[in-house]
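J.: This is the content of my_file38.txt (compact mmCIF, C-alpha atoms and all ligand atoms):
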# COMPACT_ATOMS: atom_id res chain seq x y z
CA MET A 1168 -11.54 -17.55 17.52
CA LYS A 1169 -9.82 -14.46 18.89
CA GLY A 1170 -10.48 -10.81 18.27
CA LEU A 1171 -9.41 -7.25 18.89
CA CYS A 1172 -11.85 -4.43 19.61
CA LEU A 1173 -11.08 -0.72 19.50
CA THR A 1174 -13.84 1.12 21.36
CA GLY A 1175 -12.78 4.34 19.66
CA TRP A 1176 -9.85 5.80 17.78
CA LYS A 1177 -8.35 9.09 16.70
CA TYR A 1178 -5.32 8.27 14.55
CA THR A 1179 -5.67 6.00 11.52
CA ILE A 1180 -2.00 5.01 11.84
CA ASN A 1181 -2.81 3.36 15.18
CA VAL A 1182 -5.63 1.38 13.61
CA LEU A 1183 -3.29 0.20 10.84
CA ALA A 1184 -0.55 -0.73 13.32
CA ALA A 1185 -2.97 -2.72 15.50
CA MET A 1186 -4.38 -4.45 12.39
CA ARG A 1187 -0.92 -5.44 11.30
CA THR A 1188 -0.14 -7.10 14.64
CA ALA A 1189 -3.57 -8.73 14.75
CA ASP A 1190 -2.99 -10.24 11.34
CA GLY A 1191 0.55 -11.33 12.29
CA PHE A 1192 -0.72 -13.22 15.33
CA GLY A 1193 -3.60 -14.87 13.50
CA PHE A 1194 -6.51 -12.89 14.93
CA ASP A 1195 -9.87 -13.51 13.27
CA ASP A 1196 -11.63 -10.19 13.83
CA ILE A 1197 -10.84 -6.56 14.43
CA VAL A 1198 -13.95 -4.59 15.29
CA ILE A 1199 -13.84 -0.84 15.57
CA ALA A 1200 -16.33 1.67 16.91
CA GLY A 1201 -16.03 5.28 16.00
CA LYS A 1202 -17.80 8.40 14.98
CA ASN A 1203 -14.72 9.24 12.89
CA ARG A 1204 -15.25 7.76 9.54
CA LEU A 1205 -12.69 5.08 8.84
CA ASP A 1206 -12.31 4.75 5.09
CA GLU A 1207 -12.36 0.97 4.86
CA GLU A 1208 -11.63 0.91 1.13
CA TRP A 1209 -8.62 3.17 1.63
CA ILE A 1210 -7.38 1.07 4.57
CA LYS A 1211 -7.68 -2.11 2.54
CA LYS A 1212 -5.82 -0.51 -0.37
CA VAL A 1213 -2.96 0.65 1.90
CA ALA A 1214 -2.92 -2.75 3.53
CA ARG A 1215 -2.59 -4.54 0.22
CA ARG A 1216 0.07 -2.19 -1.08
CA ASN A 1217 2.28 -1.80 1.99
CA LEU A 1218 1.52 -4.52 4.41
CA VAL A 1219 1.67 -7.59 2.22
CA ASP A 1220 -1.33 -9.78 2.95
CA LEU A 1221 -2.70 -7.86 5.90
CA VAL A 1222 -6.34 -8.23 5.01
CA GLY A 1223 -5.96 -11.89 4.08
CA GLY A 1224 -7.33 -13.63 7.14
CA LEU A 1225 -8.25 -10.79 9.45
CA LYS A 1226 -11.78 -9.49 9.12
CA LEU A 1227 -12.18 -5.74 9.63
CA THR A 1228 -15.59 -4.60 10.88
CA CYS A 1229 -16.27 -0.89 11.33
CA LEU A 1230 -19.34 0.00 13.39
CA PRO A 1231 -20.79 3.40 14.21
CA ASP A 1232 -21.04 3.07 17.97
CA LEU A 1233 -20.42 0.96 21.02
CA GLU A 1234 -23.94 -0.48 21.04
CA ALA A 1235 -23.27 -2.13 17.70
CA VAL A 1236 -19.87 -3.34 18.91
CA LEU A 1237 -21.42 -4.95 22.01
CA GLU A 1238 -23.92 -6.73 19.78
CA PHE A 1239 -21.08 -7.89 17.53
CA ILE A 1240 -19.18 -9.28 20.54
CA ALA A 1241 -22.25 -11.06 21.92
CA SER A 1242 -23.32 -12.48 18.56
CA ARG A 1243 -19.91 -14.14 18.09
CA HIS A 1244 -19.72 -15.37 21.68
CA TYR A 1245 -16.51 -13.49 22.33
CA GLU A 1246 -15.31 -13.07 25.92
CA PRO A 1247 -14.17 -9.45 26.35
CA VAL A 1248 -10.89 -8.84 28.18
CA LEU A 1249 -10.33 -5.15 28.93
CA LEU A 1250 -6.89 -3.67 28.41
CA GLU A 1251 -6.73 -0.92 31.00
CA CYS A 1252 -3.86 1.03 32.53
CA LYS A 1253 -2.94 -0.12 36.07
CA GLU A 1254 -6.07 -2.25 36.53
CA GLY A 1255 -6.53 -5.97 36.90
CA GLU A 1256 -3.88 -8.58 36.34
CA ASP A 1257 -0.51 -8.27 34.68
CA VAL A 1258 -1.24 -9.21 31.06
CA ASP A 1259 1.66 -11.69 31.05
CA ALA A 1260 0.23 -13.68 33.98
CA PHE A 1261 -3.38 -13.68 32.81
CA ASP A 1262 -5.21 -16.95 32.22
CA TRP A 1263 -7.03 -16.10 29.00
CA PRO A 1264 -10.58 -17.38 28.43
CA ALA A 1265 -11.57 -19.31 25.33
CA ASN A 1266 -12.74 -17.07 22.47
CA PRO A 1267 -11.22 -13.87 23.85
CA ILE A 1268 -11.58 -10.40 22.39
CA ILE A 1269 -9.07 -7.83 23.64
CA VAL A 1270 -10.86 -4.51 24.17
CA VAL A 1271 -8.74 -1.36 23.86
CA GLY A 1272 -9.69 2.26 24.59
CA HIS A 1273 -9.60 5.47 22.58
CA GLU A 1274 -6.27 7.37 22.53
CA VAL A 1275 -7.68 10.31 24.49
CA THR A 1276 -10.79 9.16 26.32
CA GLY A 1277 -9.72 5.61 27.18
CA LEU A 1278 -12.11 2.71 27.77
CA PRO A 1279 -15.83 3.01 28.63
CA LEU A 1280 -15.39 0.62 31.58
CA ASN A 1281 -19.04 0.89 32.66
CA ARG A 1282 -20.12 -0.78 29.40
CA PHE A 1283 -18.20 -3.96 30.26
CA PRO A 1284 -19.09 -4.46 33.94
CA ALA A 1285 -18.34 -8.18 34.14
CA ALA A 1286 -15.23 -8.32 31.99
CA PRO A 1287 -11.79 -9.08 33.45
CA ARG A 1288 -9.15 -6.35 33.19
CA VAL A 1289 -5.48 -6.69 32.38
CA HIS A 1290 -2.69 -4.15 32.31
CA VAL A 1291 0.83 -3.75 30.99
CA PRO A 1292 2.99 -2.67 33.96
CA MET A 1293 4.59 0.76 33.51
CA ALA A 1294 7.94 1.38 35.20
CA ARG A 1295 8.40 5.12 35.22
CA THR A 1296 6.64 8.42 34.46
CA ALA A 1297 4.52 7.62 31.41
CA HIS A 1298 1.04 6.76 32.60
CA SER A 1299 -0.08 4.88 29.49
CA LEU A 1300 1.20 3.37 26.26
CA ASN A 1301 0.21 4.27 22.74
CA LEU A 1302 -3.00 2.41 21.78
CA ALA A 1303 -1.37 0.25 19.10
CA CYS A 1304 1.64 -0.56 21.31
CA ALA A 1305 -0.59 -1.61 24.22
CA ALA A 1306 -2.80 -3.68 21.91
CA SER A 1307 0.25 -5.35 20.34
CA ILE A 1308 1.73 -6.30 23.72
CA ALA A 1309 -1.59 -7.85 24.79
CA MET A 1310 -1.94 -9.71 21.48
CA HIS A 1311 1.56 -11.09 21.93
CA ALA A 1312 0.75 -12.16 25.50
CA LEU A 1313 -2.30 -14.05 24.22
CA HIS A 1314 -0.20 -15.56 21.45
CA LEU A 1315 2.35 -16.87 23.99
CA HIS A 1316 -0.45 -18.17 26.22
CA GLU A 1317 -1.93 -20.12 23.30
CA ALA A 1318 1.47 -21.58 22.41
CA LYS A 1319 1.96 -22.67 26.05
CA VAL A 1320 -1.50 -24.28 26.23
CA GLU A 1321 -0.87 -26.10 22.96
CA LYS A 1322 2.53 -27.37 24.14
CA GLU A 1323 1.04 -28.62 27.41
CA SER A 1324 -1.69 -30.49 25.55
CA VAL A 1325 0.76 -32.71 23.58
C1 LIG B 1401 -3.34 6.13 25.02
S1 LIG B 1401 -4.23 5.03 26.01
C2 LIG B 1401 -5.56 6.05 26.65
C3 LIG B 1401 -5.14 6.93 27.71
C4 LIG B 1401 -6.34 7.63 28.31
N1 LIG B 1401 -6.02 9.00 28.50
C5 LIG B 1401 -6.71 6.96 29.62
O1 LIG B 1401 -6.45 7.56 30.66
O2 LIG B 1401 -7.22 5.83 29.62
C6 LIG B 1401 -5.20 4.08 24.84
C7 LIG B 1401 -5.57 2.72 25.34
O3 LIG B 1401 -4.42 1.89 25.34
C8 LIG B 1401 -4.54 0.91 26.36
N2 LIG B 1401 -3.38 1.07 27.26
C9 LIG B 1401 -2.43 2.01 27.20
N3 LIG B 1401 -1.49 1.79 28.13
C10 LIG B 1401 -1.84 0.67 28.80
C11 LIG B 1401 -1.27 -0.09 29.86
N4 LIG B 1401 -0.13 0.25 30.45
N5 LIG B 1401 -1.91 -1.20 30.26
C12 LIG B 1401 -3.06 -1.58 29.66
N6 LIG B 1401 -3.65 -0.92 28.67
C13 LIG B 1401 -3.04 0.21 28.23
C14 LIG B 1401 -5.85 1.16 27.07
O4 LIG B 1401 -6.84 0.33 26.49
C15 LIG B 1401 -6.12 2.62 26.74
O5 LIG B 1401 -7.49 2.94 26.81
For this file, write the structure as structure tokens.
T.:
Amino acid sequence: MKGLCLTGWKYTINVLAAMRTADGFGFDDIVIAGKNRLDEEWIKKVARRNLVDLVGGLKLTCLPDLEAVLEFIASRHYEPVLLECKEGEDVDAFDWPANPIIVVGHEVTGLPLNRFPAAPRVHVPMARTAHSLNLACAASIAMHALHLHEAKVEKESV
């Protein structure tokens, strides 16, 4: 199992973009916390109409707050890996745990790091002036890194 967690969000387009990548790389869950109301029915309709079979295998779970998200993560035995600017290991060199869930921060407020004290952190190196990537872009890069890691592990096991 592998999952993606958005600890908050502002722009629906970013949620849709992250969902699309998650589906494309075979993620099982996307769990989202937010006081903004995400219209799940609308999202699913857009997904069906524009994004082919986006909601086919990926399960979307919208929860009202971080408490509920932490319970979700624990109940499914996911291992959180925090995607955080400039902290931790380069995401491409990271040795992913089994059952990982990539945790991504809100567009404006970032990640509530204190709520995940024991979780490893990974970053996407930035070369120039921009301090951070767009939420969906960062999430997609990390999902691809995990995807490549899984392919490598599978190849080594045969
Ligand atoms: C637009 S950024 C948030 C920026 C926020 N102002 C901050 O300082 O954290 C949204 C999320 O994308 C992820 N992110 C963006 N750029 C990243 C990078 N270079 N490496 C790792 N994660 C990144 C982080 O999870 C971040 O919380």
J.: Give the residue list for ligand LIG 1401 (chain B) at 8 Å, counting all atoms listed in the file, as a PyMOL selection string, sorted by chain and then by residue number.
T.: chain A and resi 1249-1254+1258+1270-1278+1289-1293+1298-1306
J.: Show which residues sit within 6 Å of range 1168-1182 of chain A, as a ChimeraX atom specification. Count all atoms listed in the file, and ignore same-chain residues fewer than 6 positions away.
T.: /A:1194-1201,1266-1273,1303
J.: Would you please work out which residue, of A:Tyr1245, A:Arg1288, A:Asn1281, A:Asp1257, is nearest to Ala1312 in chain A when using all atoms listed in the file?
T.: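 Of A:Tyr1245, A:Arg1288, A:Asn1281, A:Asp1257, the one nearest Ala1312 in chain A is A:Asp1257, counting all atoms listed in the file.
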J.: Find, counting all atoms listed in the file, the residue in A:Ser1307, A:Ser1324, A:Leu1205, A:Pro1247 that gets nearest to Pro1287 in chain A.
T.: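 The answer is A:Pro1247, which sits nearest to Pro1287 in chain A.
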J.: Measuring between all atoms listed in the file, which one of A:Arg1295, A:Leu1225, A:Phe1261, A:Pro1284 shows the shortest distance to Ala1309 in chain A?
T.: A:Phe1261
J.: May I have the centre and edge lengths, in Å to one decimal, of an axis-aligned box around the listed atoms of range 1286-1291 of chain A with 5 Å added to every side, as JSON?
T.:
{"center_x": -7.2, "center_y": -6.4, "center_z": 32.2, "size_x": 26.1, "size_y": 15.3, "size_z": 12.5}
J.: Between A:Ile1240, A:Ala1235, A:Ala1184, A:Ala1189, which residue has the minimum interatomic distance to His1311 in chain A, considering all atoms listed in the file?
T.: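 Of A:Ile1240, A:Ala1235, A:Ala1184, A:Ala1189, the one nearest His1311 in chain A is A:Ala1189, counting all atoms listed in the file.
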J.: Which is closest to Glu1246 in chain A among A:Ala1294, A:Leu1280, A:Ile1210, A:Ala1286, if we use all atoms listed in the file?
T.: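 Between A:Ala1294, A:Leu1280, A:Ile1210, A:Ala1286, the residue approaching Glu1246 in chain A most closely is A:Ala1286.
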J.: Find the distance between CA of Pro1279 in chain A and CA of Asn1203 in chain A and write it in Å to one decimal.
T.: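 Atom-to-atom, CA of Pro1279 in chain A to CA of Asn1203 in chain A, that is 17.0 Å.
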J.: So the first atom is CA of Arg1204 in chain A and the second is CA of Leu1183 in chain A; what is the distance between them in Å, to one decimal place?
T.: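 These atoms are spaced 14.2 Å apart.
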J.: Measuring between all atoms listed in the file, which one of A:Ile1308, A:Ala1285, A:Val1325, A:Met1186 shows the shortest distance to Asp1259 in chain A?
T.: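 With all atoms listed in the file as the atom set, the closest residue is A:Ile1308.
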J.: Rounded to one decimal, what separation in Å do you get between CA of Cys1229 in chain A and CA of Glu1207 in chain A?
T.: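 Separating CA of Cys1229 in chain A from CA of Glu1207 in chain A is a distance of 7.8 Å.
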J.: Put range 1228-1325 of chain A into a file with C-alpha atoms, as a PDB file, in the first residue's frame.
T.:
ATOM      1  CA  THR A1228     -10.785  10.433   1.741  1.00  0.00           C
ATOM      2  CA  CYS A1229     -11.619  13.965   2.869  1.00  0.00           C
ATOM      3  CA  LEU A1230     -11.330  14.631   6.604  1.00  0.00           C
ATOM      4  CA  PRO A1231     -12.081  17.786   8.548  1.00  0.00           C
ATOM      5  CA  ASP A1232      -8.822  18.138  10.441  1.00  0.00           C
ATOM      6  CA  LEU A1233      -5.355  16.801  11.072  1.00  0.00           C
ATOM      7  CA  GLU A1234      -6.439  14.745  14.087  1.00  0.00           C
ATOM      8  CA  ALA A1235      -8.660  12.650  11.850  1.00  0.00           C
ATOM      9  CA  VAL A1236      -5.875  12.359   9.260  1.00  0.00           C
ATOM     10  CA  LEU A1237      -3.406  11.110  11.894  1.00  0.00           C
ATOM     11  CA  GLU A1238      -5.943   8.498  12.957  1.00  0.00           C
ATOM     12  CA  PHE A1239      -6.424   7.487   9.321  1.00  0.00           C
ATOM     13  CA  ILE A1240      -2.656   7.078   8.864  1.00  0.00           C
ATOM     14  CA  ALA A1241      -2.276   5.043  12.063  1.00  0.00           C
ATOM     15  CA  SER A1242      -5.291   2.833  11.379  1.00  0.00           C
ATOM     16  CA  ARG A1243      -3.859   1.799   7.997  1.00  0.00           C
ATOM     17  CA  HIS A1244      -0.332   1.336   9.333  1.00  0.00           C
ATOM     18  CA  TYR A1245       1.088   3.874   6.931  1.00  0.00           C
ATOM     19  CA  GLU A1246       4.620   5.197   7.515  1.00  0.00           C
ATOM     20  CA  PRO A1247       4.541   8.979   7.010  1.00  0.00           C
ATOM     21  CA  VAL A1248       7.355  10.537   4.969  1.00  0.00           C
ATOM     22  CA  LEU A1249       7.305  14.337   5.125  1.00  0.00           C
ATOM     23  CA  LEU A1250       7.905  16.318   1.963  1.00  0.00           C
ATOM     24  CA  GLU A1251       9.529  19.487   3.221  1.00  0.00           C
ATOM     25  CA  CYS A1252      11.560  22.206   1.525  1.00  0.00           C
ATOM     26  CA  LYS A1253      15.325  21.948   2.193  1.00  0.00           C
ATOM     27  CA  GLU A1254      14.968  19.389   5.001  1.00  0.00           C
ATOM     28  CA  GLY A1255      16.047  15.788   5.255  1.00  0.00           C
ATOM     29  CA  GLU A1256      17.325  13.671   2.417  1.00  0.00           C
ATOM     30  CA  ASP A1257      17.200  14.291  -1.293  1.00  0.00           C
ATOM     31  CA  VAL A1258      13.980  12.566  -2.353  1.00  0.00           C
ATOM     32  CA  ASP A1259      15.804  10.718  -5.151  1.00  0.00           C
ATOM     33  CA  ALA A1260      18.276   9.094  -2.734  1.00  0.00           C
ATOM     34  CA  PHE A1261      15.753   8.184  -0.054  1.00  0.00           C
ATOM     35  CA  ASP A1262      15.309   4.577   1.032  1.00  0.00           C
ATOM     36  CA  TRP A1263      11.525   4.429   1.278  1.00  0.00           C
ATOM     37  CA  PRO A1264       9.874   2.417   4.066  1.00  0.00           C
ATOM     38  CA  ALA A1265       7.250  -0.220   3.389  1.00  0.00           C
ATOM     39  CA  ASN A1266       3.692   1.166   3.337  1.00  0.00           C
ATOM     40  CA  PRO A1267       4.715   4.807   2.879  1.00  0.00           C
ATOM     41  CA  ILE A1268       2.409   7.800   2.841  1.00  0.00           C
ATOM     42  CA  ILE A1269       3.886  10.994   1.399  1.00  0.00           C
ATOM     43  CA  VAL A1270       2.765  13.951   3.510  1.00  0.00           C
ATOM     44  CA  VAL A1271       2.567  17.329   1.765  1.00  0.00           C
ATOM     45  CA  GLY A1272       1.896  20.777   3.246  1.00  0.00           C
ATOM     46  CA  HIS A1273      -0.644  23.501   2.543  1.00  0.00           C
ATOM     47  CA  GLU A1274       0.213  25.950  -0.280  1.00  0.00           C
ATOM     48  CA  VAL A1275       0.592  28.890   2.112  1.00  0.00           C
ATOM     49  CA  THR A1276       1.180  27.541   5.601  1.00  0.00           C
ATOM     50  CA  GLY A1277       3.290  24.483   4.731  1.00  0.00           C
ATOM     51  CA  LEU A1278       3.544  21.351   6.861  1.00  0.00           C
ATOM     52  CA  PRO A1279       2.673  21.094  10.584  1.00  0.00           C
ATOM     53  CA  LEU A1280       6.036  19.439  11.312  1.00  0.00           C
ATOM     54  CA  ASN A1281       5.395  19.209  15.070  1.00  0.00           C
ATOM     55  CA  ARG A1282       2.522  16.777  14.422  1.00  0.00           C
ATOM     56  CA  PHE A1283       4.877  14.243  12.824  1.00  0.00           C
ATOM     57  CA  PRO A1284       7.853  14.294  15.227  1.00  0.00           C
ATOM     58  CA  ALA A1285       9.284  10.888  14.329  1.00  0.00           C
ATOM     59  CA  ALA A1286       8.739  10.934  10.576  1.00  0.00           C
ATOM     60  CA  PRO A1287      11.643  11.134   8.118  1.00  0.00           C
ATOM     61  CA  ARG A1288      11.817  14.222   5.888  1.00  0.00           C
ATOM     62  CA  VAL A1289      12.720  14.432   2.232  1.00  0.00           C
ATOM     63  CA  HIS A1290      13.175  17.395  -0.070  1.00  0.00           C
ATOM     64  CA  VAL A1291      13.385  18.198  -3.749  1.00  0.00           C
ATOM     65  CA  PRO A1292      16.597  20.216  -4.244  1.00  0.00           C
ATOM     66  CA  MET A1293      16.001  23.733  -5.570  1.00  0.00           C
ATOM     67  CA  ALA A1294      18.714  25.294  -7.736  1.00  0.00           C
ATOM     68  CA  ARG A1295      17.971  28.990  -7.811  1.00  0.00           C
ATOM     69  CA  THR A1296      15.735  31.685  -6.308  1.00  0.00           C
ATOM     70  CA  ALA A1297      12.391  29.935  -5.856  1.00  0.00           C
ATOM     71  CA  HIS A1298      12.204  28.668  -2.302  1.00  0.00           C
ATOM     72  CA  SER A1299       9.501  26.049  -2.872  1.00  0.00           C
ATOM     73  CA  LEU A1300       7.603  24.228  -5.589  1.00  0.00           C
ATOM     74  CA  ASN A1301       3.891  24.233  -6.212  1.00  0.00           C
ATOM     75  CA  LEU A1302       2.182  21.653  -3.949  1.00  0.00           C
ATOM     76  CA  ALA A1303       1.068  19.374  -6.791  1.00  0.00           C
ATOM     77  CA  CYS A1304       4.460  19.588  -8.550  1.00  0.00           C
ATOM     78  CA  ALA A1305       6.337  18.703  -5.345  1.00  0.00           C
ATOM     79  CA  ALA A1306       3.928  15.852  -4.597  1.00  0.00           C
ATOM     80  CA  SER A1307       4.262  14.524  -8.161  1.00  0.00           C
ATOM     81  CA  ILE A1308       8.063  14.532  -8.037  1.00  0.00           C
ATOM     82  CA  ALA A1309       8.012  12.614  -4.743  1.00  0.00           C
ATOM     83  CA  MET A1310       5.450  10.124  -6.071  1.00  0.00           C
ATOM     84  CA  HIS A1311       7.653   9.542  -9.105  1.00  0.00           C
ATOM     85  CA  ALA A1312      10.705   9.041  -6.875  1.00  0.00           C
ATOM     86  CA  LEU A1313       8.799   6.398  -4.902  1.00  0.00           C
ATOM     87  CA  HIS A1314       7.639   4.808  -8.141  1.00  0.00           C
ATOM     88  CA  LEU A1315      11.253   4.522  -9.383  1.00  0.00           C
ATOM     89  CA  HIS A1316      12.366   3.161  -6.005  1.00  0.00           C
ATOM     90  CA  GLU A1317       9.699   0.442  -6.170  1.00  0.00           C
ATOM     91  CA  ALA A1318      10.704  -0.489  -9.718  1.00  0.00           C
ATOM     92  CA  LYS A1319      14.362  -0.753  -8.617  1.00  0.00           C
ATOM     93  CA  VAL A1320      13.496  -2.922  -5.599  1.00  0.00           C
ATOM     94  CA  GLU A1321      11.361  -5.177  -7.778  1.00  0.00           C
ATOM     95  CA  LYS A1322      14.132  -5.526 -10.379  1.00  0.00           C
ATOM     96  CA  GLU A1323      16.679  -6.397  -7.698  1.00  0.00           C
ATOM     97  CA  SER A1324      14.401  -9.069  -6.269  1.00  0.00           C
ATOM     98  CA  VAL A1325      14.264 -11.119  -9.521  1.00  0.00           C
TER      99      VAL A1325
END
